[in-house]
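As stored in query28.cif (mmCIF, C-alpha atoms and all ligand atoms):
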data_coords
loop_
_atom_site.group_PDB
_atom_site.id
_atom_site.type_symbol
_atom_site.label_atom_id
_atom_site.label_comp_id
_atom_site.auth_asym_id
_atom_site.auth_seq_id
_atom_site.Cartn_x
_atom_site.Cartn_y
_atom_site.Cartn_z
ATOM 1 C CA MET A 8 0.000 0.000 0.000
ATOM 2 C CA ALA A 9 1.421 3.315 -1.037
ATOM 3 C CA PHE A 10 1.583 6.503 1.007
ATOM 4 C CA GLU A 11 -0.944 9.005 -0.266
ATOM 5 C CA GLN A 12 -1.030 12.781 -0.512
ATOM 6 C CA PRO A 13 -4.267 13.858 1.199
ATOM 7 C CA PRO A 14 -6.386 16.320 -0.787
ATOM 8 C CA LEU A 15 -5.751 19.989 -0.042
ATOM 9 C CA PRO A 16 -8.470 20.844 2.538
ATOM 10 C CA TYR A 17 -9.622 23.859 0.441
ATOM 11 C CA ALA A 18 -9.479 25.085 -3.156
ATOM 12 C CA MET A 19 -6.087 26.179 -4.548
ATOM 13 C CA ASP A 20 -7.366 29.771 -4.766
ATOM 14 C CA ALA A 21 -9.138 29.799 -1.365
ATOM 15 C CA LEU A 22 -6.490 31.938 0.310
ATOM 16 C CA GLU A 23 -6.047 34.463 -2.518
ATOM 17 C CA PRO A 24 -8.053 37.137 -0.629
ATOM 18 C CA TYR A 25 -5.665 36.561 2.277
ATOM 19 C CA GLY A 26 -2.351 36.995 0.498
ATOM 20 C CA MET A 27 -1.577 33.492 -0.835
ATOM 21 C CA LYS A 28 -2.078 32.913 -4.562
ATOM 22 C CA ALA A 29 -3.366 29.756 -6.261
ATOM 23 C CA GLU A 30 0.057 29.636 -7.951
ATOM 24 C CA THR A 31 1.636 29.129 -4.523
ATOM 25 C CA PHE A 32 -0.499 26.047 -3.925
ATOM 26 C CA GLU A 33 -0.025 24.769 -7.502
ATOM 27 C CA TYR A 34 3.711 24.639 -6.782
ATOM 28 C CA HIS A 35 3.826 24.017 -3.036
ATOM 29 C CA TYR A 36 1.052 21.411 -2.828
ATOM 30 C CA GLY A 37 1.052 20.234 -6.448
ATOM 31 C CA LYS A 38 4.808 19.894 -6.936
ATOM 32 C CA HIS A 39 6.837 20.146 -3.698
ATOM 33 C CA HIS A 40 4.517 18.149 -1.415
ATOM 34 C CA LYS A 41 3.691 15.649 -4.170
ATOM 35 C CA ALA A 42 7.410 15.059 -4.818
ATOM 36 C CA TYR A 43 7.999 14.184 -1.140
ATOM 37 C CA VAL A 44 5.166 11.625 -1.261
ATOM 38 C CA ASP A 45 6.383 10.167 -4.579
ATOM 39 C CA ASN A 46 9.970 9.926 -3.286
ATOM 40 C CA LEU A 47 8.804 8.295 -0.049
ATOM 41 C CA ASN A 48 6.946 5.672 -2.064
ATOM 42 C CA LYS A 49 10.018 5.024 -4.243
ATOM 43 C CA LEU A 50 12.342 4.750 -1.233
ATOM 44 C CA THR A 51 10.080 2.422 0.774
ATOM 45 C CA ALA A 52 8.787 0.225 -2.081
ATOM 46 C CA ASP A 53 9.193 -3.469 -1.256
ATOM 47 C CA THR A 54 10.364 -2.752 2.312
ATOM 48 C CA ASP A 55 8.622 -3.319 5.674
ATOM 49 C CA LEU A 56 8.174 0.435 6.016
ATOM 50 C CA ALA A 57 5.783 0.596 3.045
ATOM 51 C CA ASN A 58 2.949 -0.790 5.202
ATOM 52 C CA LYS A 59 3.647 1.167 8.405
ATOM 53 C CA PRO A 60 1.808 4.285 9.536
ATOM 54 C CA LEU A 61 3.572 7.456 8.380
ATOM 55 C CA GLU A 62 4.319 8.542 11.987
ATOM 56 C CA GLU A 63 6.096 5.239 12.609
ATOM 57 C CA VAL A 64 8.151 5.596 9.407
ATOM 58 C CA ILE A 65 9.240 9.050 10.624
ATOM 59 C CA GLN A 66 10.353 7.721 14.033
ATOM 60 C CA THR A 67 12.034 4.567 12.708
ATOM 61 C CA SER A 68 13.936 6.204 9.848
ATOM 62 C CA TYR A 69 15.143 8.988 12.166
ATOM 63 C CA LYS A 70 16.389 6.504 14.770
ATOM 64 C CA ASP A 71 18.094 4.387 12.108
ATOM 65 C CA GLY A 72 19.746 7.398 10.449
ATOM 66 C CA LYS A 73 17.999 6.764 7.117
ATOM 67 C CA ALA A 74 18.081 10.394 6.045
ATOM 68 C CA GLY A 75 16.479 9.965 2.621
ATOM 69 C CA ILE A 76 13.427 8.150 3.962
ATOM 70 C CA PHE A 77 13.208 10.394 7.031
ATOM 71 C CA ASN A 78 13.333 13.627 5.029
ATOM 72 C CA ASN A 79 10.609 12.554 2.609
ATOM 73 C CA ALA A 80 8.391 10.946 5.282
ATOM 74 C CA ALA A 81 8.632 13.957 7.599
ATOM 75 C CA GLN A 82 8.061 16.425 4.750
ATOM 76 C CA THR A 83 5.008 14.411 3.654
ATOM 77 C CA TRP A 84 3.600 14.686 7.202
ATOM 78 C CA ASN A 85 4.716 18.299 7.838
ATOM 79 C CA HIS A 86 3.010 19.664 4.718
ATOM 80 C CA THR A 87 -0.317 17.942 5.411
ATOM 81 C CA PHE A 88 -0.147 19.423 8.919
ATOM 82 C CA PHE A 89 0.699 22.846 7.489
ATOM 83 C CA TRP A 90 -2.266 22.913 5.052
ATOM 84 C CA ASN A 91 -4.530 22.243 8.026
ATOM 85 C CA SER A 92 -2.864 25.021 10.021
ATOM 86 C CA LEU A 93 -4.286 27.525 7.497
ATOM 87 C CA LYS A 94 -7.939 28.529 7.499
ATOM 88 C CA PRO A 95 -9.775 29.857 4.419
ATOM 89 C CA GLY A 96 -12.868 32.018 4.295
ATOM 90 C CA GLY A 97 -11.677 34.844 6.507
ATOM 91 C CA GLY A 98 -12.008 32.805 9.704
ATOM 92 C CA GLY A 99 -8.261 32.485 10.221
ATOM 93 C CA GLY A 100 -5.950 34.498 12.419
ATOM 94 C CA GLY A 101 -7.426 36.350 15.330
ATOM 95 C CA THR A 102 -7.149 34.767 18.739
ATOM 96 C CA PRO A 103 -7.699 31.266 20.122
ATOM 97 C CA THR A 104 -10.444 30.524 22.633
ATOM 98 C CA GLY A 105 -11.143 28.160 25.521
ATOM 99 C CA ASP A 106 -8.531 25.828 26.977
ATOM 100 C CA LEU A 107 -5.947 26.682 24.313
ATOM 101 C CA ALA A 108 -6.252 30.429 24.978
ATOM 102 C CA ALA A 109 -5.901 29.842 28.726
ATOM 103 C CA LYS A 110 -2.818 27.652 28.249
ATOM 104 C CA ILE A 111 -1.187 30.201 25.929
ATOM 105 C CA ASP A 112 -1.764 32.970 28.495
ATOM 106 C CA LYS A 113 -0.361 30.807 31.271
ATOM 107 C CA ASP A 114 2.703 29.478 29.434
ATOM 108 C CA PHE A 115 3.714 32.562 27.414
ATOM 109 C CA GLY A 116 2.427 35.325 29.676
ATOM 110 C CA SER A 117 -0.043 36.658 27.088
ATOM 111 C CA PHE A 118 -1.225 36.050 23.534
ATOM 112 C CA ASP A 119 0.936 38.957 22.342
ATOM 113 C CA LYS A 120 3.999 37.358 23.952
ATOM 114 C CA PHE A 121 3.176 34.108 22.165
ATOM 115 C CA LYS A 122 2.921 35.960 18.832
ATOM 116 C CA GLU A 123 6.240 37.640 19.465
ATOM 117 C CA GLU A 124 7.936 34.334 20.310
ATOM 118 C CA PHE A 125 6.411 32.521 17.334
ATOM 119 C CA SER A 126 7.324 35.337 14.919
ATOM 120 C CA ASN A 127 10.837 35.395 16.261
ATOM 121 C CA ALA A 128 11.283 31.615 15.888
ATOM 122 C CA ALA A 129 9.912 31.680 12.334
ATOM 123 C CA ALA A 130 12.068 34.646 11.342
ATOM 124 C CA THR A 131 15.299 33.335 12.862
ATOM 125 C CA GLN A 132 15.168 29.746 11.581
ATOM 126 C CA PHE A 133 18.269 30.083 9.395
ATOM 127 C CA GLY A 134 17.648 28.656 5.926
ATOM 128 C CA SER A 135 14.920 26.054 5.461
ATOM 129 C CA GLY A 136 12.711 24.786 8.262
ATOM 130 C CA TRP A 137 9.570 25.113 10.313
ATOM 131 C CA ALA A 138 8.156 27.057 13.284
ATOM 132 C CA TRP A 139 5.829 25.181 15.654
ATOM 133 C CA LEU A 140 3.524 25.571 18.598
ATOM 134 C CA VAL A 141 3.863 22.324 20.559
ATOM 135 C CA ASP A 142 2.574 20.718 23.736
ATOM 136 C CA ASP A 143 5.638 19.518 25.594
ATOM 137 C CA GLY A 144 3.589 17.577 28.151
ATOM 138 C CA ALA A 145 3.867 20.106 30.941
ATOM 139 C CA THR A 146 3.721 23.344 28.944
ATOM 140 C CA LEU A 147 3.121 24.800 25.509
ATOM 141 C CA LYS A 148 6.272 25.878 23.699
ATOM 142 C CA VAL A 149 7.322 27.569 20.488
ATOM 143 C CA THR A 150 10.041 25.685 18.636
ATOM 144 C CA LYS A 151 11.825 25.846 15.309
ATOM 145 C CA THR A 152 13.261 22.920 13.372
ATOM 146 C CA PRO A 153 15.653 22.772 10.401
ATOM 147 C CA ASN A 154 14.806 21.146 7.057
ATOM 148 C CA ALA A 155 12.367 18.224 7.551
ATOM 149 C CA GLU A 156 12.731 17.846 11.320
ATOM 150 C CA ASN A 157 9.513 17.984 13.347
ATOM 151 C CA PRO A 158 8.317 17.779 16.976
ATOM 152 C CA LEU A 159 7.310 14.096 16.678
ATOM 153 C CA ILE A 160 10.944 12.989 16.899
ATOM 154 C CA HIS A 161 11.399 15.152 20.014
ATOM 155 C CA GLY A 162 8.436 13.550 21.816
ATOM 156 C CA GLN A 163 6.330 16.715 21.563
ATOM 157 C CA LYS A 164 2.736 17.052 20.344
ATOM 158 C CA PRO A 165 2.521 19.530 17.432
ATOM 159 C CA LEU A 166 -0.432 21.933 17.583
ATOM 160 C CA LEU A 167 0.336 24.305 14.713
ATOM 161 C CA THR A 168 3.062 24.921 12.141
ATOM 162 C CA LEU A 169 4.369 27.444 9.645
ATOM 163 C CA ASP A 170 6.557 26.344 6.739
ATOM 164 C CA VAL A 171 9.431 28.840 6.450
ATOM 165 C CA TRP A 172 11.210 27.186 3.529
ATOM 166 C CA GLU A 173 11.704 29.873 0.880
ATOM 167 C CA HIS A 174 9.347 27.990 -1.494
ATOM 168 C CA ALA A 175 6.511 28.651 0.999
ATOM 169 C CA TYR A 176 6.540 32.425 0.535
ATOM 170 C CA TYR A 177 8.593 33.446 -2.491
ATOM 171 C CA ILE A 178 5.674 33.662 -4.954
ATOM 172 C CA ASP A 179 3.534 35.820 -2.635
ATOM 173 C CA PHE A 180 6.077 37.733 -0.569
ATOM 174 C CA ARG A 181 9.377 37.329 -2.476
ATOM 175 C CA ASN A 182 12.175 37.518 0.111
ATOM 176 C CA ALA A 183 10.046 39.149 2.834
ATOM 177 C CA ARG A 184 9.708 36.256 5.294
ATOM 178 C CA PRO A 185 8.555 38.577 8.141
ATOM 179 C CA ALA A 186 5.584 39.763 6.015
ATOM 180 C CA PHE A 187 4.630 36.114 5.357
ATOM 181 C CA ILE A 188 4.819 35.370 9.106
ATOM 182 C CA LYS A 189 2.716 38.404 9.990
ATOM 183 C CA ASN A 190 0.091 37.497 7.389
ATOM 184 C CA PHE A 191 -0.065 33.946 8.794
ATOM 185 C CA LEU A 192 -0.641 35.161 12.364
ATOM 186 C CA ASP A 193 -3.038 37.975 11.420
ATOM 187 C CA ASN A 194 -5.161 36.285 8.733
ATOM 188 C CA LEU A 195 -4.588 32.562 8.358
ATOM 189 C CA VAL A 196 -3.910 30.618 11.581
ATOM 190 C CA ASN A 197 -6.493 27.886 12.085
ATOM 191 C CA TRP A 198 -6.946 28.063 15.864
ATOM 192 C CA GLU A 199 -9.694 25.404 15.801
ATOM 193 C CA PHE A 200 -7.161 22.957 14.318
ATOM 194 C CA ALA A 201 -4.629 23.811 17.047
ATOM 195 C CA ALA A 202 -7.297 23.432 19.766
ATOM 196 C CA ALA A 203 -8.375 20.055 18.368
ATOM 197 C CA ASN A 204 -4.740 18.880 18.385
ATOM 198 C CA LEU A 205 -4.347 20.017 21.997
ATOM 199 C CA ALA A 206 -7.495 18.127 23.011
ATOM 200 C CA ALA A 207 -6.572 14.960 21.072
HETATM 201 MN MN MN3 A 301 7.164 23.404 2.004
#
Encoded form (structure tokens):
Amino acid sequence: MAFEQPPLPYAMDALEPYGMKAETFEYHYGKHHKAYVDNLNKLTADTDLANKPLEEVIQTSYKDGKAGIFNNAAQTWNHTFFWNSLKPGGGGGGTPTGDLAAKIDKDFGSFDKFKEEFSNAAATQFGSGWAWLVDDGATLKVTKTPNAENPLIHGQKPLLTLDVWEHAYYIDFRNARPAFIKNFLDNLVNWEFAAANLAA
């Protein structure tokens, strides 16, 4: 059984009113993400890993130092998680509610402090990588990871992510990564997705 690329959870042009063009998704979802899934299938064909859950492939390949499989498995997972971290229809951004809002206030001091920490992590990840909001067990934390790395291999529960590889923002924002980060926090964050991950 092959690994599959889940459908994009909205139309390619759904985020155009909020700063991200259909062209971005044609390349990022249609070419970059698809290539990771295709490569993962090529690299795991006829091996035991081909029938394992994706999360297990990520953990096993990381532990065994199989960089090619790890990179493609993690990037397959990270991108699906990223698409779900974005909300179309104008309902994104803003502030979280309920348990998640309370935890953010408690662990970061305030929602503004969280935004500052997240923006800083996303802006200072040198080169390619990801910024995350994670549940570390005891507290919520902001982290950044290089390349394909993700919180799963660090025993943390991911709640939300932003792809800060240059391919994620170059079409819409050219080299202005901080503008891409600000647009994500102001207009696109799917706080319901993050809350559901926290509750899971
Ligand atoms: Mn990407």
Contacts of chain A with ligand MN3 301 (chain A) up to 6 Å, shortest pair per row, only C-alpha atoms and all ligand atoms, as a Markdown table:
| residue | atom | partner | partner_atom | distance |
| --- | --- | --- | --- | --- |
| A:Asp170 | CA | A:MN3_301 | MN | 5.6 |
| A:Trp172 | CA | A:MN3_301 | MN | 5.7 |
| A:Ala175 | CA | A:MN3_301 | MN | 5.4 |
Would you save the residues from that selection as a PDB file, in the frame of the given file, using C-alpha atoms?
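To be explicit, this is the file written out as result_30.pdb:
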ATOM      1  CA  ASP A 170       6.557  26.344   6.739  1.00  0.00           C
ATOM      2  CA  TRP A 172      11.210  27.186   3.529  1.00  0.00           C
ATOM      3  CA  ALA A 175       6.511  28.651   0.999  1.00  0.00           C
TER       4      ALA A 175
END
For the structure shown, which residues end up in the PyMOL selection byres (((chain A and resi 29-38) around 9) and not hetatm)? Put them as a PDB file with C-alpha atoms, in the coordinates of the input, please?
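Just written: part-v6.pdb:
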ATOM      1  CA  LEU A  15      -5.751  19.989  -0.042  1.00  0.00           C
ATOM      2  CA  ALA A  18      -9.479  25.085  -3.156  1.00  0.00           C
ATOM      3  CA  MET A  19      -6.087  26.179  -4.548  1.00  0.00           C
ATOM      4  CA  ASP A  20      -7.366  29.771  -4.766  1.00  0.00           C
ATOM      5  CA  ALA A  21      -9.138  29.799  -1.365  1.00  0.00           C
ATOM      6  CA  LEU A  22      -6.490  31.938   0.310  1.00  0.00           C
ATOM      7  CA  GLU A  23      -6.047  34.463  -2.518  1.00  0.00           C
ATOM      8  CA  MET A  27      -1.577  33.492  -0.835  1.00  0.00           C
ATOM      9  CA  LYS A  28      -2.078  32.913  -4.562  1.00  0.00           C
ATOM     10  CA  HIS A  39       6.837  20.146  -3.698  1.00  0.00           C
ATOM     11  CA  HIS A  40       4.517  18.149  -1.415  1.00  0.00           C
ATOM     12  CA  LYS A  41       3.691  15.649  -4.170  1.00  0.00           C
ATOM     13  CA  ALA A  42       7.410  15.059  -4.818  1.00  0.00           C
ATOM     14  CA  TYR A  43       7.999  14.184  -1.140  1.00  0.00           C
ATOM     15  CA  HIS A  86       3.010  19.664   4.718  1.00  0.00           C
ATOM     16  CA  TRP A  90      -2.266  22.913   5.052  1.00  0.00           C
ATOM     17  CA  HIS A 174       9.347  27.990  -1.494  1.00  0.00           C
ATOM     18  CA  ALA A 175       6.511  28.651   0.999  1.00  0.00           C
ATOM     19  CA  TYR A 176       6.540  32.425   0.535  1.00  0.00           C
ATOM     20  CA  TYR A 177       8.593  33.446  -2.491  1.00  0.00           C
ATOM     21  CA  ILE A 178       5.674  33.662  -4.954  1.00  0.00           C
ATOM     22  CA  ASP A 179       3.534  35.820  -2.635  1.00  0.00           C
TER      23      ASP A 179
END
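The shortest atom-to-atom distance to Phe180 in chain A, with all atoms listed in the file taken into account, belongs to A:Gly26 out of A:Gly26, A:Lys110, A:Thr146, A:Phe115.
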Determine, counting only C-alpha atoms, which protein, DNA and RNA residues have an atom within 7 Å of an atom of range 45-57 of chain A; residues of the same chain fewer than 4 positions away are not included. Present the result as a PyMOL selection string. chain A and resi 8-10+41+64+76+79-80
Assuming the chain letters and numbering stay as they are in my file, what does the PyMOL selection byres (((chain A and resi 94) around 10) and not hetatm) actually select? List them as a list in words. Pro16, Tyr17, Ala21, Leu22, Tyr25, Trp90, Asn91, Ser92, Leu93, Pro95, Gly96, Gly97, Gly98, Gly99, Gly100, Phe191, Asn194, Leu195, Val196, Asn197, Trp198, Glu199 and Phe200 of chain A
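In terms of minimum interatomic distance to Asn78 in chain A, A:Ala155 ranks closest within A:Ala155, A:Val149, A:Leu166, A:Ala138, counting only C-alpha atoms.
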For Gly144 in chain A, the closest of A:Gly162, A:Asn58, A:Ala128, A:Phe88 counting all atoms listed in the file is A:Gly162
List as a ChimeraX atom specification the residues having at least one atom at most 6 Å from position (9.2, 22.0, 12.1) as given in the file, counting all atoms listed in the file. /A:136-139,151-152,156-157
Within 7 Å of file point (5.5, 14.6, 12.6), counting only C-alpha atoms, expressed as a ChimeraX atom specification: /A:62,65,81,84-85,157-159
Computed interatomic separation between CA of Lys164 in chain A and CA of Asp142 in chain A (Å): 5.0 Å
Separating CA of Thr83 in chain A from CA of Gln12 in chain A, to the nearest tenth of an Å, is a gap of 7.5 Å
Go through A:Ile160, A:Ala183, A:Ile188, A:Ala74 one by one, measure the shortest atom-to-atom distance of each to Asn127 in chain A using only C-alpha atoms, and give the residue with the smallest value. A:Ile188
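If you look at CA of Glu173 in chain A and CA of Ser135 in chain A, they are 6.8 Å away from each other.
You can rank A:Thr131, A:Asn182, A:Asn204, A:Thr102 by their closest distance to Thr168 in chain A using all atoms listed in the file, and at the top of that list sits A:Asn204.
Among A:Arg184, A:Lys120, A:Lys73, A:His161, the residue with the shortest atom-to-atom distance to Phe133 in chain A, counting all atoms listed in the file, is A:Arg184.
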Export range 115-127 of chain A, N, CA, C and O atoms, as a PDB file, in the first residue's frame; it's the structure right above.
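Below is the file part_28.pdb, written as the result:
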ATOM      1  N   PHE A 115       2.932  31.515  28.091  1.00  0.00           N
ATOM      2  CA  PHE A 115       3.714  32.562  27.414  1.00  0.00           C
ATOM      3  C   PHE A 115       3.587  33.916  28.108  1.00  0.00           C
ATOM      4  O   PHE A 115       4.319  34.844  27.774  1.00  0.00           O
ATOM      5  N   GLY A 116       2.630  34.042  29.012  1.00  0.00           N
ATOM      6  CA  GLY A 116       2.427  35.325  29.676  1.00  0.00           C
ATOM      7  C   GLY A 116       1.230  36.064  29.105  1.00  0.00           C
ATOM      8  O   GLY A 116       0.440  36.632  29.852  1.00  0.00           O
ATOM      9  N   SER A 117       1.101  36.039  27.762  1.00  0.00           N
ATOM     10  CA  SER A 117      -0.043  36.658  27.088  1.00  0.00           C
ATOM     11  C   SER A 117      -0.040  36.187  25.641  1.00  0.00           C
ATOM     12  O   SER A 117       0.956  35.635  25.160  1.00  0.00           O
ATOM     13  N   PHE A 118      -1.166  36.432  24.947  1.00  0.00           N
ATOM     14  CA  PHE A 118      -1.225  36.050  23.534  1.00  0.00           C
ATOM     15  C   PHE A 118      -0.220  36.865  22.716  1.00  0.00           C
ATOM     16  O   PHE A 118       0.420  36.326  21.802  1.00  0.00           O
ATOM     17  N   ASP A 119      -0.047  38.125  23.052  1.00  0.00           N
ATOM     18  CA  ASP A 119       0.936  38.957  22.342  1.00  0.00           C
ATOM     19  C   ASP A 119       2.354  38.431  22.517  1.00  0.00           C
ATOM     20  O   ASP A 119       3.159  38.484  21.582  1.00  0.00           O
ATOM     21  N   LYS A 120       2.654  37.926  23.713  1.00  0.00           N
ATOM     22  CA  LYS A 120       3.999  37.358  23.952  1.00  0.00           C
ATOM     23  C   LYS A 120       4.184  36.093  23.119  1.00  0.00           C
ATOM     24  O   LYS A 120       5.267  35.834  22.584  1.00  0.00           O
ATOM     25  N   PHE A 121       3.106  35.296  23.022  1.00  0.00           N
ATOM     26  CA  PHE A 121       3.176  34.108  22.165  1.00  0.00           C
ATOM     27  C   PHE A 121       3.482  34.507  20.721  1.00  0.00           C
ATOM     28  O   PHE A 121       4.358  33.941  20.076  1.00  0.00           O
ATOM     29  N   LYS A 122       2.733  35.523  20.215  1.00  0.00           N
ATOM     30  CA  LYS A 122       2.921  35.960  18.832  1.00  0.00           C
ATOM     31  C   LYS A 122       4.354  36.427  18.588  1.00  0.00           C
ATOM     32  O   LYS A 122       4.952  36.139  17.556  1.00  0.00           O
ATOM     33  N   GLU A 123       4.875  37.133  19.568  1.00  0.00           N
ATOM     34  CA  GLU A 123       6.240  37.640  19.465  1.00  0.00           C
ATOM     35  C   GLU A 123       7.233  36.473  19.398  1.00  0.00           C
ATOM     36  O   GLU A 123       8.150  36.462  18.575  1.00  0.00           O
ATOM     37  N   GLU A 124       7.026  35.480  20.267  1.00  0.00           N
ATOM     38  CA  GLU A 124       7.936  34.334  20.310  1.00  0.00           C
ATOM     39  C   GLU A 124       7.848  33.506  19.030  1.00  0.00           C
ATOM     40  O   GLU A 124       8.854  33.063  18.487  1.00  0.00           O
ATOM     41  N   PHE A 125       6.600  33.310  18.553  1.00  0.00           N
ATOM     42  CA  PHE A 125       6.411  32.521  17.334  1.00  0.00           C
ATOM     43  C   PHE A 125       7.034  33.245  16.136  1.00  0.00           C
ATOM     44  O   PHE A 125       7.739  32.629  15.327  1.00  0.00           O
ATOM     45  N   SER A 126       6.774  34.546  16.026  1.00  0.00           N
ATOM     46  CA  SER A 126       7.324  35.337  14.919  1.00  0.00           C
ATOM     47  C   SER A 126       8.841  35.292  14.931  1.00  0.00           C
ATOM     48  O   SER A 126       9.487  35.160  13.881  1.00  0.00           O
ATOM     49  N   ASN A 127       9.391  35.396  16.119  1.00  0.00           N
ATOM     50  CA  ASN A 127      10.837  35.395  16.261  1.00  0.00           C
ATOM     51  C   ASN A 127      11.441  34.046  15.842  1.00  0.00           C
ATOM     52  O   ASN A 127      12.433  33.992  15.116  1.00  0.00           O
TER      53      ASN A 127
END
